[in-house]
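Contents: one structure, followed by commentary.
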Amino acid sequence: MKPVKYIKNYIGGALVPPDSGDYLDNVSPFNGEVYSHIPDSDASDVKKAVEAAERAFPEWSTCGAEKRFRILTRLADIIEQNLEDFAHAESLDSGKPITMSRSVDIPRAHSNIRFFATAIMHFASESHHMEGDAINFTLRQPIGVIGCISPWNLPLYLFTWKIAPALAAGNCVVAKPSEITPMTAFLLAKACDEAGVPPGVLNIIHGLGPKAGQAIVEHPKIKAISFTGGTTTGREIARIAAPMFKKLSLELGGKNPNIIFADCDFDKMIFDTLRSSFSNNGQICLCGSRIFVERPIYEKFKEEFVKRTRFLKIGDPFLPITDLGAISSKSHMEKVFSYIELAKVEGGEILCGGNIIEQEGKLEGGFYLSPTVIEGLPHDARTNREEIFGPVVTIMPFDTEEEVISYANSVVYGLSATIWTKDVTRANRVAEKLEAGVVWVNCWLKRDLRTPFGGMKSSGVGREGGLEALRFFTEPKNVCIKY
Ligand code: TXE
């Protein structure tokens, strides 16, 4: 399961070149060099993938939950058996530390598959008895061909988070990974072959969003789209899909508040806040990028947080001591850096970091940024309203619960939030008022796959996870029988 020079599309169970014969460079953020090439696919490749999926659908949708359970479980086992290859490919492609690929990304990818392989075995629906003369029951039937489009920050983790429930529910899938991080999706295609996933059940198309991605969204035989990515792109996808009455699941951006009350467990809070600020270089839509600290402990927090941030090791993603690897792409690094410049213009003070790190030796040419902490900005500065999606956080004090809730809710996003306090009554009171789809209290990124996952406002539409996902990927039909 090693990276290849020329990645291929996976259509009808075969690894095939793009119809156009054209390829795009795949750059490793590790050193900024082109290390492979991906198909520059277009509508003709997508058309073939949809046709393969349509051919596979009748058998796959009626073969029974147990058969789908067995095949998907085999696929999960193969990923687990090849964890090191998948982890290496993920870090080479994304720049994330190998320690994260090994402990988070790849294990969560096979857990996603296993979770939904088992969930479908227990997926039941409801019936409603009408006194005396009728019984209703609800069928939850697979939809048909589904489009799954995923981003570059957690490549295989989010790719399988969509594909697994779609397949478990009996649908067939045309999936497109990000062109920034295509390699583990290619390795997944090879794993499907080994697992005996029937041809056409899963089809993987590589290429650019506005070209290959848009062709998936536009295809009339694709009945539902599950997308994770930027809010701008989500809006564009909805513009096309809504008039075609496609089901839509949109997991978009975030600008998540991290609310720290003075009575919190300081040591636990500071440890998790470092994680929630800088994990994956802040390239997780759930990272807490706006940190609000109750005034009595603001100075203590600022001193300890900046000290620990300065101690983070940035560099070679393949060294176990590395905390932060490379930023996913040159253009994204430049975008993140532009926000650091904006923060200065808006009157912010850079307490640590704030610079692009010019590496030498084998990392020369790679994309590295120092983790950055900014204070002194008003809550409604652009830096505090717009998603930066990098190792950049702002900190500010607050005095009252009402004040911090109004700050937290003052942005267009509503994805997740974190609250640190020992006062459980206050935690519940604040959680109820926060405009967020996920609220963590005295923890961060503690994930139970059965729970509804997603955001509100400009963070998206719908929920993934557990039964929410299986219900998204099925059509409910009520049958009423009079007797
Ligand atoms: O995502 P895009 P990008 C945020 C983050 C980031 C911004 C843009 O702020 O800076 O989004 O990141 C495909 N039709 N998040 O550019 O463009 C594209 O090929 C169909 C948050 O990487 O949204 C890729 O496969 N598909 C997010 C996928 O969409 C299209 C994680 C995501 O790309 C398309 C990543 C189109 N018109 C970025 N345009 C999260 N919520 O976790 C692009 N794509």
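Each chain in the structure tokens gets a letter, A, B, ..., in the order shown, and its residues are numbered from 1; ligands are numbered from 1 in order too.
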Show which residues sit within 7 Å of Leu139 in chain A, as number ranges by chain. Count only C-alpha atoms, and ignore same-chain residues fewer than 4 positions away. A: 125, 476-478
Would you put the residues from that selection into a file with C-alpha atoms, as a compact mmCIF listing (two decimals), in the first residue's frame?
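So the final result, stored in selection_36.txt, reads:
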# COMPACT_ATOMS: atom_id res chain seq x y z
CA SER A 125 -37.69 1.81 11.95
CA PRO A 476 -38.44 7.07 4.66
CA LYS A 477 -41.67 5.61 3.23
CA ASN A 478 -44.79 5.23 5.35
If we count only C-alpha atoms and set the cut-off at 10 Å, which residues sit around Ala431 in chain A, ignoring sequence neighbours fewer than 3 positions away in its own chain? Please answer as a list of chain:residue names. A:Ile405, A:Ala417, A:Thr418, A:Ile419, A:Thr425, A:Arg426, A:Ala427, A:Asn428, A:Leu434, A:Glu435, A:Ala436, A:Val438, A:Val439, A:Trp440, A:Val441
Report the closest atom pair, with its distance in Å rounded to one decimal, for each residue of chain A that has an atom no farther than 6 Å from ligand 1; count only C-alpha atoms and all ligand atoms, sort by chain and then rising residue number, and write it as a Markdown table.
| residue | atom | partner | partner_atom_place_in_ligand_line | distance |
| --- | --- | --- | --- | --- |
| A:Ile149 | CA | ligand 1 | 25 (O) | 5.3 |
| A:Ser150 | CA | ligand 1 | 25 (O) | 4.7 |
| A:Pro151 | CA | ligand 1 | 32 (C) | 4.0 |
| A:Trp152 | CA | ligand 1 | 22 (O) | 5.7 |
| A:Asn153 | CA | ligand 1 | 31 (C) | 5.5 |
| A:Lys176 | CA | ligand 1 | 25 (O) | 5.9 |
| A:Pro177 | CA | ligand 1 | 25 (O) | 4.8 |
| A:Ser178 | CA | ligand 1 | 25 (O) | 3.3 |
| A:Glu179 | CA | ligand 1 | 19 (O) | 5.7 |
| A:Leu208 | CA | ligand 1 | 19 (O) | 4.9 |
| A:Gly209 | CA | ligand 1 | 19 (O) | 3.3 |
| A:Pro210 | CA | ligand 1 | 37 (N) | 3.9 |
| A:Gly213 | CA | ligand 1 | 20 (C) | 3.6 |
| A:Gln214 | CA | ligand 1 | 14 (N) | 3.8 |
| A:Thr228 | CA | ligand 1 | 41 (N) | 5.3 |
| A:Gly229 | CA | ligand 1 | 23 (O) | 3.6 |
| A:Gly230 | CA | ligand 1 | 11 (O) | 2.9 |
| A:Thr233 | CA | ligand 1 | 23 (O) | 4.8 |
| A:Glu236 | CA | ligand 1 | 37 (N) | 5.9 |
| A:Ile237 | CA | ligand 1 | 14 (N) | 5.6 |
| A:Glu251 | CA | ligand 1 | 41 (N) | 5.3 |
| A:Leu252 | CA | ligand 1 | 41 (N) | 3.9 |
| A:Gly253 | CA | ligand 1 | 41 (N) | 4.3 |
| A:Ile284 | CA | ligand 1 | 42 (O) | 5.6 |
| A:Cys285 | CA | ligand 1 | 42 (O) | 4.2 |
| A:Glu387 | CA | ligand 1 | 9 (O) | 5.3 |
| A:Ile388 | CA | ligand 1 | 9 (O) | 5.8 |
| A:Phe389 | CA | ligand 1 | 9 (O) | 4.9 |
May I have all residues of range 136-304 of chain A that DSSP, computed from the backbone, assigns to strand (DSSP E or B), given as a PyMOL selection string? chain A and resi 136-142+145-149+172-176+202-204+222-228+247-251+257-260+290-294
Nearest to Ile11 in chain A, restricted to only C-alpha atoms and choosing among A:Asn384, A:Ser328, A:Ser41, A:Ser459, comes out as A:Ser41
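Contact shell of range 203-206 of chain A at 7 Å (only C-alpha atoms; same-chain neighbours under 3 positions omitted): Asn9, Tyr10, Ile11, Gly12, Ile38, Pro39, Asp40, Ser41, Val46, Ala49, Val173, Val174, Ala175, Lys176, Pro177, Glu179 and Gly200 of chain A.
Across the structure, CA of Glu468 in chain A and CA of Leu83 in chain A are spaced 28.3 Å apart.
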Nearest to His37 in chain A by atom-to-atom distance, counting only C-alpha atoms, from A:Phe398, A:Phe186, A:Phe473, A:Phe123: A:Phe186
